[in-house]
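This is my_file_2.cif. It holds mmCIF, C-alpha atoms.
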```
data_upload
loop_
_atom_site.group_PDB
_atom_site.id
_atom_site.type_symbol
_atom_site.label_atom_id
_atom_site.label_comp_id
_atom_site.auth_asym_id
_atom_site.auth_seq_id
_atom_site.Cartn_x
_atom_site.Cartn_y
_atom_site.Cartn_z
ATOM 1 C CA CYS A 13 49.937 103.528 72.013
ATOM 2 C CA LEU A 14 46.864 101.270 72.248
ATOM 3 C CA CYS A 15 43.246 101.932 71.443
ATOM 4 C CA LYS A 16 40.879 101.817 74.394
ATOM 5 C CA GLU A 17 39.150 98.583 73.338
ATOM 6 C CA LEU A 18 42.373 96.578 72.828
ATOM 7 C CA ARG A 19 44.282 97.760 75.901
ATOM 8 C CA PRO A 20 42.862 95.095 78.297
ATOM 9 C CA GLN A 21 43.754 92.274 75.872
ATOM 10 C CA ALA A 22 47.269 93.672 75.359
ATOM 11 C CA LEU A 23 47.921 93.521 79.115
ATOM 12 C CA VAL A 24 47.032 89.849 79.504
ATOM 13 C CA PRO A 25 50.200 88.075 80.813
ATOM 14 C CA SER A 26 49.640 84.957 78.697
ATOM 15 C CA LEU A 27 50.165 87.105 75.613
ATOM 16 C CA TRP A 28 53.593 88.388 76.670
ATOM 17 C CA VAL A 29 55.101 85.570 78.743
ATOM 18 C CA PRO A 30 55.925 83.260 75.786
ATOM 19 C CA ARG A 31 57.147 86.183 73.695
ATOM 20 C CA LEU A 32 59.427 87.415 76.462
ATOM 21 C CA ARG A 33 60.838 83.952 77.160
ATOM 22 C CA ARG A 34 61.395 83.226 73.478
ATOM 23 C CA MET A 35 63.095 86.580 72.892
ATOM 24 C CA CYS A 36 65.347 86.332 75.957
ATOM 25 C CA GLY A 37 66.133 82.709 75.185
ATOM 26 C CA TYR A 38 67.265 83.552 71.673
ATOM 27 C CA TRP A 39 69.546 86.422 72.732
ATOM 28 C CA SER A 40 70.597 84.726 76.016
ATOM 29 C CA LEU A 41 69.273 87.685 77.982
ATOM 30 C CA PRO A 42 68.051 87.549 81.608
ATOM 31 C CA PHE A 43 64.549 88.487 82.707
ATOM 32 C CA VAL A 44 62.606 88.441 85.980
ATOM 33 C CA ASP A 45 60.375 85.362 85.943
ATOM 34 C CA GLU A 46 58.402 86.392 89.034
ATOM 35 C CA ASP A 47 57.750 89.899 87.786
ATOM 36 C CA GLU A 48 54.216 90.454 86.489
ATOM 37 C CA GLN A 49 55.290 93.329 84.262
ATOM 38 C CA TRP A 50 55.746 91.023 81.293
ATOM 39 C CA ARG A 51 54.860 93.561 78.614
ATOM 40 C CA GLU A 52 57.090 96.234 80.158
ATOM 41 C CA GLN A 53 59.995 93.801 80.317
ATOM 42 C CA TYR A 54 59.510 92.805 76.685
ATOM 43 C CA PHE A 55 59.877 96.385 75.459
ATOM 44 C CA SER A 56 62.489 97.572 77.978
ATOM 45 C CA ILE A 57 65.158 94.868 77.554
ATOM 46 C CA TYR A 58 67.993 96.002 75.282
ATOM 47 C CA ARG A 59 68.469 93.817 72.203
ATOM 48 C CA PRO A 60 68.665 94.262 68.425
ATOM 49 C CA ARG A 61 65.280 95.308 67.064
ATOM 50 C CA TRP A 62 63.729 93.723 63.992
ATOM 51 C CA ASP A 63 60.679 95.986 63.744
ATOM 52 C CA GLY A 64 62.293 99.063 62.234
ATOM 53 C CA ILE A 65 65.337 100.606 60.586
ATOM 54 C CA TYR A 66 68.299 102.222 62.329
ATOM 55 C CA ILE A 67 69.229 105.635 60.910
ATOM 56 C CA GLY A 68 72.563 107.312 61.670
ATOM 57 C CA HIS A 69 73.428 110.879 60.710
ATOM 58 C CA CYS A 70 77.027 110.983 59.424
ATOM 59 C CA GLY A 71 79.430 113.402 57.768
ATOM 60 C CA TYR A 72 82.947 113.806 56.435
ATOM 61 C CA SER A 73 85.268 116.414 54.926
ATOM 62 C CA HIS A 74 85.100 116.147 51.129
ATOM 63 C CA LYS A 75 88.150 117.393 49.254
ATOM 64 C CA VAL A 76 87.266 119.515 46.228
ATOM 65 C CA ARG A 77 89.603 119.918 43.282
ATOM 66 C CA PRO A 78 90.753 123.476 42.422
ATOM 67 C CA GLY A 79 88.356 125.177 40.042
ATOM 68 C CA HIS A 80 85.369 123.025 40.996
ATOM 69 C CA THR A 81 82.095 124.891 41.458
ATOM 70 C CA ILE A 82 80.848 122.845 44.439
ATOM 71 C CA GLY A 83 80.610 125.002 47.535
ATOM 72 C CA THR A 84 82.453 127.959 45.980
ATOM 73 C CA ALA A 85 81.429 130.349 48.714
ATOM 74 C CA ALA A 86 82.622 127.978 51.417
ATOM 75 C CA LEU A 87 85.973 127.342 49.713
ATOM 76 C CA THR A 88 87.365 130.852 50.011
ATOM 77 C CA GLN A 89 89.514 129.800 52.983
ATOM 78 C CA ARG A 90 89.844 126.032 52.470
ATOM 79 C CA ASN A 91 89.660 123.280 49.828
ATOM 80 C CA THR A 92 87.163 120.969 51.588
ATOM 81 C CA VAL A 93 83.434 121.030 52.233
ATOM 82 C CA TRP A 94 81.541 119.174 54.952
ATOM 83 C CA THR A 95 79.343 116.514 53.350
ATOM 84 C CA THR A 96 76.489 114.870 55.237
ATOM 85 C CA TYR A 97 74.702 111.593 54.592
ATOM 86 C CA ARG A 98 72.718 108.950 56.427
ATOM 87 C CA ARG A 99 73.612 105.346 57.149
ATOM 88 C CA TYR A 100 70.598 103.042 57.171
ATOM 89 C CA ILE A 101 70.743 99.597 58.764
ATOM 90 C CA ARG A 102 67.893 97.115 58.735
ATOM 91 C CA LEU A 103 68.260 93.972 60.858
ATOM 92 C CA PHE A 104 66.294 90.824 60.039
ATOM 93 C CA PRO A 105 65.283 87.974 62.353
ATOM 94 C CA PRO A 106 67.043 84.629 61.780
ATOM 95 C CA ASP A 107 66.042 82.824 58.604
ATOM 96 C CA GLU A 108 65.268 79.106 58.216
ATOM 97 C CA GLU A 109 68.968 78.272 58.561
ATOM 98 C CA GLY A 110 69.479 80.520 61.582
ATOM 99 C CA ALA A 111 71.477 83.167 59.676
ATOM 100 C CA LEU A 112 71.213 86.752 60.874
ATOM 101 C CA ARG A 113 71.052 89.038 57.854
ATOM 102 C CA ALA A 114 70.912 92.809 57.445
ATOM 103 C CA PHE A 115 70.959 95.631 54.914
ATOM 104 C CA VAL A 116 73.397 98.544 54.983
ATOM 105 C CA LEU A 117 72.873 101.663 52.878
ATOM 106 C CA GLN A 118 74.649 104.994 53.140
ATOM 107 C CA ASP A 119 73.392 107.877 51.058
ATOM 108 C CA ALA A 120 72.059 111.409 51.360
ATOM 109 C CA ALA A 121 68.711 110.432 49.834
ATOM 110 C CA PRO A 122 65.461 111.496 51.548
ATOM 111 C CA VAL A 123 64.516 109.202 54.417
ATOM 112 C CA GLU A 124 61.165 108.225 52.887
ATOM 113 C CA VAL A 125 62.785 107.098 49.625
ATOM 114 C CA ALA A 126 65.553 105.131 51.325
ATOM 115 C CA LEU A 127 63.098 103.389 53.652
ATOM 116 C CA SER A 128 60.859 102.337 50.765
ATOM 117 C CA VAL A 129 63.874 100.730 49.073
ATOM 118 C CA LEU A 130 65.044 98.884 52.192
ATOM 119 C CA LEU A 131 61.537 97.558 52.825
ATOM 120 C CA SER A 132 61.241 96.181 49.286
ATOM 121 C CA LEU A 133 64.438 94.092 49.076
ATOM 122 C CA ASP A 134 64.991 90.442 50.004
ATOM 123 C CA PRO A 135 68.164 89.921 52.102
ATOM 124 C CA ARG A 136 68.489 86.290 50.994
ATOM 125 C CA CYS A 137 69.128 87.091 47.341
ATOM 126 C CA HIS A 138 69.941 90.793 47.024
ATOM 127 C CA ILE A 139 73.407 91.730 45.709
ATOM 128 C CA ALA A 140 74.818 95.251 45.642
ATOM 129 C CA THR A 141 75.877 96.096 42.090
ATOM 130 C CA TYR A 142 77.203 99.626 42.557
ATOM 131 C CA SER A 143 80.990 99.984 42.802
ATOM 132 C CA GLN A 144 82.052 101.150 46.253
ATOM 133 C CA SER A 145 85.501 101.959 44.872
ATOM 134 C CA GLY A 146 83.923 104.196 42.240
ATOM 135 C CA LEU A 147 81.971 106.001 44.919
ATOM 136 C CA ALA A 148 85.095 106.454 47.035
ATOM 137 C CA ASN A 149 87.156 107.771 44.116
ATOM 138 C CA ASP A 150 84.587 110.042 42.494
ATOM 139 C CA GLY A 151 82.771 111.241 45.580
ATOM 140 C CA MET A 152 79.709 113.407 45.073
ATOM 141 C CA GLU A 153 80.203 113.779 41.335
ATOM 142 C CA SER A 154 79.669 110.099 40.549
ATOM 143 C CA SER A 155 76.562 109.961 42.711
ATOM 144 C CA LYS A 156 75.008 112.905 40.900
ATOM 145 C CA ALA A 157 75.905 111.503 37.494
ATOM 146 C CA VAL A 158 74.308 108.167 38.251
ATOM 147 C CA LEU A 159 71.182 109.776 39.634
ATOM 148 C CA GLN A 160 70.737 111.650 36.376
ATOM 149 C CA GLN A 161 70.768 108.405 34.400
ATOM 150 C CA LYS A 162 68.748 106.041 36.580
ATOM 151 C CA GLU A 163 65.725 106.018 38.779
ATOM 152 C CA VAL A 164 66.552 107.026 42.329
ATOM 153 C CA LYS A 165 65.212 103.792 43.833
ATOM 154 C CA GLN A 166 67.186 101.634 41.408
ATOM 155 C CA PHE A 167 70.320 103.543 42.286
ATOM 156 C CA LEU A 168 69.744 103.156 46.034
ATOM 157 C CA ALA A 169 69.016 99.445 45.637
ATOM 158 C CA SER A 170 72.299 99.008 43.768
ATOM 159 C CA LYS A 171 74.144 100.636 46.701
ATOM 160 C CA THR A 172 72.399 98.578 49.391
ATOM 161 C CA CYS A 173 74.758 95.926 50.760
ATOM 162 C CA ALA A 174 73.584 92.609 52.198
ATOM 163 C CA ALA A 175 75.300 91.946 55.521
ATOM 164 C CA THR A 176 75.419 89.408 58.322
ATOM 165 C CA TYR A 177 75.527 90.388 61.990
ATOM 166 C CA LYS A 178 75.974 89.106 65.520
ATOM 167 C CA PHE A 179 75.041 90.499 68.920
ATOM 168 C CA SER A 180 77.285 90.667 71.999
ATOM 169 C CA LYS A 181 74.937 90.870 74.975
ATOM 170 C CA ASP A 182 77.711 91.676 77.463
ATOM 171 C CA GLU A 183 78.926 94.700 75.499
ATOM 172 C CA ARG A 184 75.519 95.468 73.937
ATOM 173 C CA LEU A 185 77.120 95.659 70.502
ATOM 174 C CA VAL A 186 75.781 94.621 67.107
ATOM 175 C CA SER A 187 78.651 93.761 64.733
ATOM 176 C CA LEU A 188 77.961 93.699 60.989
ATOM 177 C CA GLU A 189 80.092 92.525 58.068
ATOM 178 C CA TYR A 190 79.323 92.915 54.376
ATOM 179 C CA PRO A 191 81.337 92.333 51.181
ATOM 180 C CA SER A 192 82.035 94.873 48.455
ATOM 181 C CA ASP A 193 84.381 95.258 45.511
ATOM 182 C CA MET A 194 86.835 96.904 47.941
ATOM 183 C CA GLY A 195 86.861 94.009 50.403
ATOM 184 C CA ILE A 196 84.975 93.243 53.603
ATOM 185 C CA PHE A 197 83.404 96.233 55.326
ATOM 186 C CA SER A 198 82.292 96.238 58.949
ATOM 187 C CA ALA A 199 80.108 98.343 61.227
ATOM 188 C CA THR A 200 79.410 98.212 64.949
ATOM 189 C CA LEU A 201 76.331 99.543 66.725
ATOM 190 C CA GLU A 202 75.875 100.056 70.443
ATOM 191 C CA VAL A 203 72.387 99.165 71.666
ATOM 192 C CA PHE A 204 70.946 101.866 73.931
ATOM 193 C CA SER A 205 68.066 104.315 74.102
ATOM 194 C CA TYR A 206 68.569 107.720 72.516
ATOM 195 C CA ASP A 207 66.802 110.479 70.638
ATOM 196 C CA LYS A 208 64.847 109.888 67.449
ATOM 197 C CA GLY A 209 67.070 109.758 64.366
ATOM 198 C CA TYR A 210 70.048 108.156 66.057
ATOM 199 C CA PHE A 211 71.066 104.530 66.588
ATOM 200 C CA SER A 212 69.156 103.169 69.551
#
```
Could you render the structure as structure tokens?
Amino acid sequence: CLCKELRPQALVPSLWVPRLRRMCGYWSLPFVDEDEQWREQYFSIYRPRWDGIYIGHCGYSHKVRPGHTIGTAALTQRNTVWTTYRRYIRLFPPDEEGALRAFVLQDAAPVEVALSVLLSLDPRCHIATYSQSGLANDGMESSKAVLQQKEVKQFLASKTCAATYKFSKDERLVSLEYPSDMGIFSATLEVFSYDKGYFS
């Protein structure tokens, strides 16, 4: 969306030609050199985006120990409850050394809070300090206990993992790897257009 006064300047080809060529050159993506729709090409070509944060809605069956009060009404017929969370991924452009870095955070925190944390961290020096093994073993209980003792943003920052990634243009896949106390984790995203709130 452009304001009326700036629209003519935003459509000038000399503004978009170098950006399109630089972007396609970096990702080794083709573009139509004779096409005058430079701005449209720039925004329509599929590639990893650096100007936002990917948000995925996820869930899993959480096993609840007998006698636990979580989801009592839902446990009359089974011993699991469906737990939902979001996985946030922020991709960064290459740094001075050409490294492609990213942040990965999975939590059920409100979107606004999680985004403020991801926008405040430096991928070059941030280290996740929260134990992934503790989270896996204790489930929802450990998360709630920690949130009672610390500020929410500090807790989310401690869970945010610094990752590296690469892009496969043929398969349109972004592959991420990030270390934790449980080993090397990985995640793969497919680059395509979809509804708001999903990977795209």
What does the structure give for the distance between atom CA of A:Ser180 and atom CA of A:Gly195, in Å to one decimal?
23.9 Å
If I take atom CA of A:Ser187 and atom CA of A:Val116, how far is one from the other in Å, to one decimal?
12.1 Å
Report as an NGL selection string the residues that result from applying the PyMOL selection byres ((chain A and resi 201) around 8) to the structure here.
:A and (185-187 or 199-200 or 202-203 or 211)
Who sits within 9 Å of stretch 122-124 of chain A, only C-alpha atoms, same chain under 3 positions skipped, as a ChimeraX atom specification
/A:67,98,119,127-129
Generate the output file for the selected residues, C-alpha atoms, as a PDB file, keeping the file's coordinate frame.
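Here's the written file result27.pdb:
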```pdb
ATOM      1  CA  ILE A  67      69.229 105.635  60.910  1.00  0.00           C
ATOM      2  CA  ARG A  98      72.718 108.950  56.427  1.00  0.00           C
ATOM      3  CA  ASP A 119      73.392 107.877  51.058  1.00  0.00           C
ATOM      4  CA  LEU A 127      63.098 103.389  53.652  1.00  0.00           C
ATOM      5  CA  SER A 128      60.859 102.337  50.765  1.00  0.00           C
ATOM      6  CA  VAL A 129      63.874 100.730  49.073  1.00  0.00           C
TER       7      VAL A 129
END
```
For the atom pair atom CA of A:Leu168 and atom CA of A:Tyr142, what is the interatomic distance in Å to one decimal place?
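According to the coordinates, atom CA of A:Leu168 and atom CA of A:Tyr142 are separated by 9.0 Å.
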9 Å contact set for A:Ala126, all atoms listed in the file, chain neighbours under 4 positions out, as an NGL selection string
:A and (100 or 117 or 119 or 121-122 or 130-131 or 165 or 168-169)
Tell me which residues the PyMOL selection byres ((chain A and resi 94-96) around 9) grabs here, as a PDB file with C-alpha atoms, in the frame of the given file.
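Output below, filename expr.pdb:
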```
ATOM      1  CA  HIS A  69      73.428 110.879  60.710  1.00  0.00           C
ATOM      2  CA  CYS A  70      77.027 110.983  59.424  1.00  0.00           C
ATOM      3  CA  GLY A  71      79.430 113.402  57.768  1.00  0.00           C
ATOM      4  CA  TYR A  72      82.947 113.806  56.435  1.00  0.00           C
ATOM      5  CA  SER A  73      85.268 116.414  54.926  1.00  0.00           C
ATOM      6  CA  HIS A  74      85.100 116.147  51.129  1.00  0.00           C
ATOM      7  CA  LYS A  75      88.150 117.393  49.254  1.00  0.00           C
ATOM      8  CA  THR A  92      87.163 120.969  51.588  1.00  0.00           C
ATOM      9  CA  VAL A  93      83.434 121.030  52.233  1.00  0.00           C
ATOM     10  CA  TYR A  97      74.702 111.593  54.592  1.00  0.00           C
ATOM     11  CA  ARG A  98      72.718 108.950  56.427  1.00  0.00           C
ATOM     12  CA  ASP A 119      73.392 107.877  51.058  1.00  0.00           C
ATOM     13  CA  ALA A 120      72.059 111.409  51.360  1.00  0.00           C
ATOM     14  CA  MET A 152      79.709 113.407  45.073  1.00  0.00           C
TER      15      MET A 152
END
```
Carefully work through the PyMOL selection byres ((chain A and resi 111) around 12) for this structure and note down the residues it includes, as number ranges by chain.
A: 103-110, 112-114, 135-136, 175-178
Residues at most 12 Å from stretch 31-45 of chain A, counting all atoms listed in the file, excluding those fewer than 6 positions away in the same chain, as an MDAnalysis selection string?
chainID A and resid 25 51:62 105:106 110 112 178:182 184 186
For A:Ala140, which residue out of A:Ser170, A:Val125, A:Gln118, A:Leu188 is the nearest one, using only C-alpha atoms?
A:Ser170
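You can rank A:Ile101, A:Ala22, A:Leu27, A:Cys173 by their closest distance to A:Gly68 using all atoms listed in the file, and at the top of that list sits A:Ile101.
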Please complete stretch 24-40 of chain A so it has N, CA and C atoms, and hand it over as a PDB file, keeping the file's coordinate frame.
```pdb
ATOM      1  N   VAL A  24      47.181  91.214  79.001  1.00  0.00           N
ATOM      2  CA  VAL A  24      47.032  89.849  79.504  1.00  0.00           C
ATOM      3  C   VAL A  24      48.404  89.181  79.542  1.00  0.00           C
ATOM      4  N   PRO A  25      48.857  88.664  80.702  1.00  0.00           N
ATOM      5  CA  PRO A  25      50.200  88.075  80.813  1.00  0.00           C
ATOM      6  C   PRO A  25      50.459  86.928  79.842  1.00  0.00           C
ATOM      7  N   SER A  26      49.430  86.109  79.579  1.00  0.00           N
ATOM      8  CA  SER A  26      49.640  84.957  78.697  1.00  0.00           C
ATOM      9  C   SER A  26      50.035  85.362  77.282  1.00  0.00           C
ATOM     10  N   LEU A  27      49.781  86.618  76.935  1.00  0.00           N
ATOM     11  CA  LEU A  27      50.165  87.105  75.613  1.00  0.00           C
ATOM     12  C   LEU A  27      51.654  87.424  75.552  1.00  0.00           C
ATOM     13  N   TRP A  28      52.223  87.904  76.668  1.00  0.00           N
ATOM     14  CA  TRP A  28      53.593  88.388  76.670  1.00  0.00           C
ATOM     15  C   TRP A  28      54.603  87.409  77.251  1.00  0.00           C
ATOM     16  N   VAL A  29      54.166  86.501  78.125  1.00  0.00           N
ATOM     17  CA  VAL A  29      55.101  85.570  78.743  1.00  0.00           C
ATOM     18  C   VAL A  29      55.852  84.732  77.704  1.00  0.00           C
ATOM     19  N   PRO A  30      55.175  84.065  76.775  1.00  0.00           N
ATOM     20  CA  PRO A  30      55.925  83.260  75.786  1.00  0.00           C
ATOM     21  C   PRO A  30      56.795  84.106  74.882  1.00  0.00           C
ATOM     22  N   ARG A  31      56.340  85.306  74.545  1.00  0.00           N
ATOM     23  CA  ARG A  31      57.147  86.183  73.695  1.00  0.00           C
ATOM     24  C   ARG A  31      58.410  86.623  74.421  1.00  0.00           C
ATOM     25  N   LEU A  32      58.272  86.982  75.685  1.00  0.00           N
ATOM     26  CA  LEU A  32      59.427  87.415  76.462  1.00  0.00           C
ATOM     27  C   LEU A  32      60.430  86.278  76.631  1.00  0.00           C
ATOM     28  N   ARG A  33      59.945  85.086  76.965  1.00  0.00           N
ATOM     29  CA  ARG A  33      60.838  83.952  77.160  1.00  0.00           C
ATOM     30  C   ARG A  33      61.539  83.554  75.867  1.00  0.00           C
ATOM     31  N   ARG A  34      60.800  83.588  74.760  1.00  0.00           N
ATOM     32  CA  ARG A  34      61.395  83.226  73.478  1.00  0.00           C
ATOM     33  C   ARG A  34      62.457  84.252  73.069  1.00  0.00           C
ATOM     34  N   MET A  35      62.153  85.529  73.256  1.00  0.00           N
ATOM     35  CA  MET A  35      63.095  86.580  72.892  1.00  0.00           C
ATOM     36  C   MET A  35      64.352  86.524  73.751  1.00  0.00           C
ATOM     37  N   CYS A  36      64.186  86.386  75.062  1.00  0.00           N
ATOM     38  CA  CYS A  36      65.347  86.332  75.957  1.00  0.00           C
ATOM     39  C   CYS A  36      66.134  85.037  75.761  1.00  0.00           C
ATOM     40  N   GLY A  37      65.435  83.958  75.442  1.00  0.00           N
ATOM     41  CA  GLY A  37      66.133  82.709  75.185  1.00  0.00           C
ATOM     42  C   GLY A  37      66.987  82.786  73.950  1.00  0.00           C
ATOM     43  N   TYR A  38      66.495  83.456  72.911  1.00  0.00           N
ATOM     44  CA  TYR A  38      67.265  83.552  71.673  1.00  0.00           C
ATOM     45  C   TYR A  38      68.529  84.383  71.874  1.00  0.00           C
ATOM     46  N   TRP A  39      68.404  85.540  72.554  1.00  0.00           N
ATOM     47  CA  TRP A  39      69.546  86.422  72.732  1.00  0.00           C
ATOM     48  C   TRP A  39      70.336  86.120  74.006  1.00  0.00           C
ATOM     49  N   SER A  40      69.943  85.088  74.748  1.00  0.00           N
ATOM     50  CA  SER A  40      70.597  84.726  76.016  1.00  0.00           C
ATOM     51  C   SER A  40      70.585  85.902  76.991  1.00  0.00           C
TER      52      SER A  40
END
```
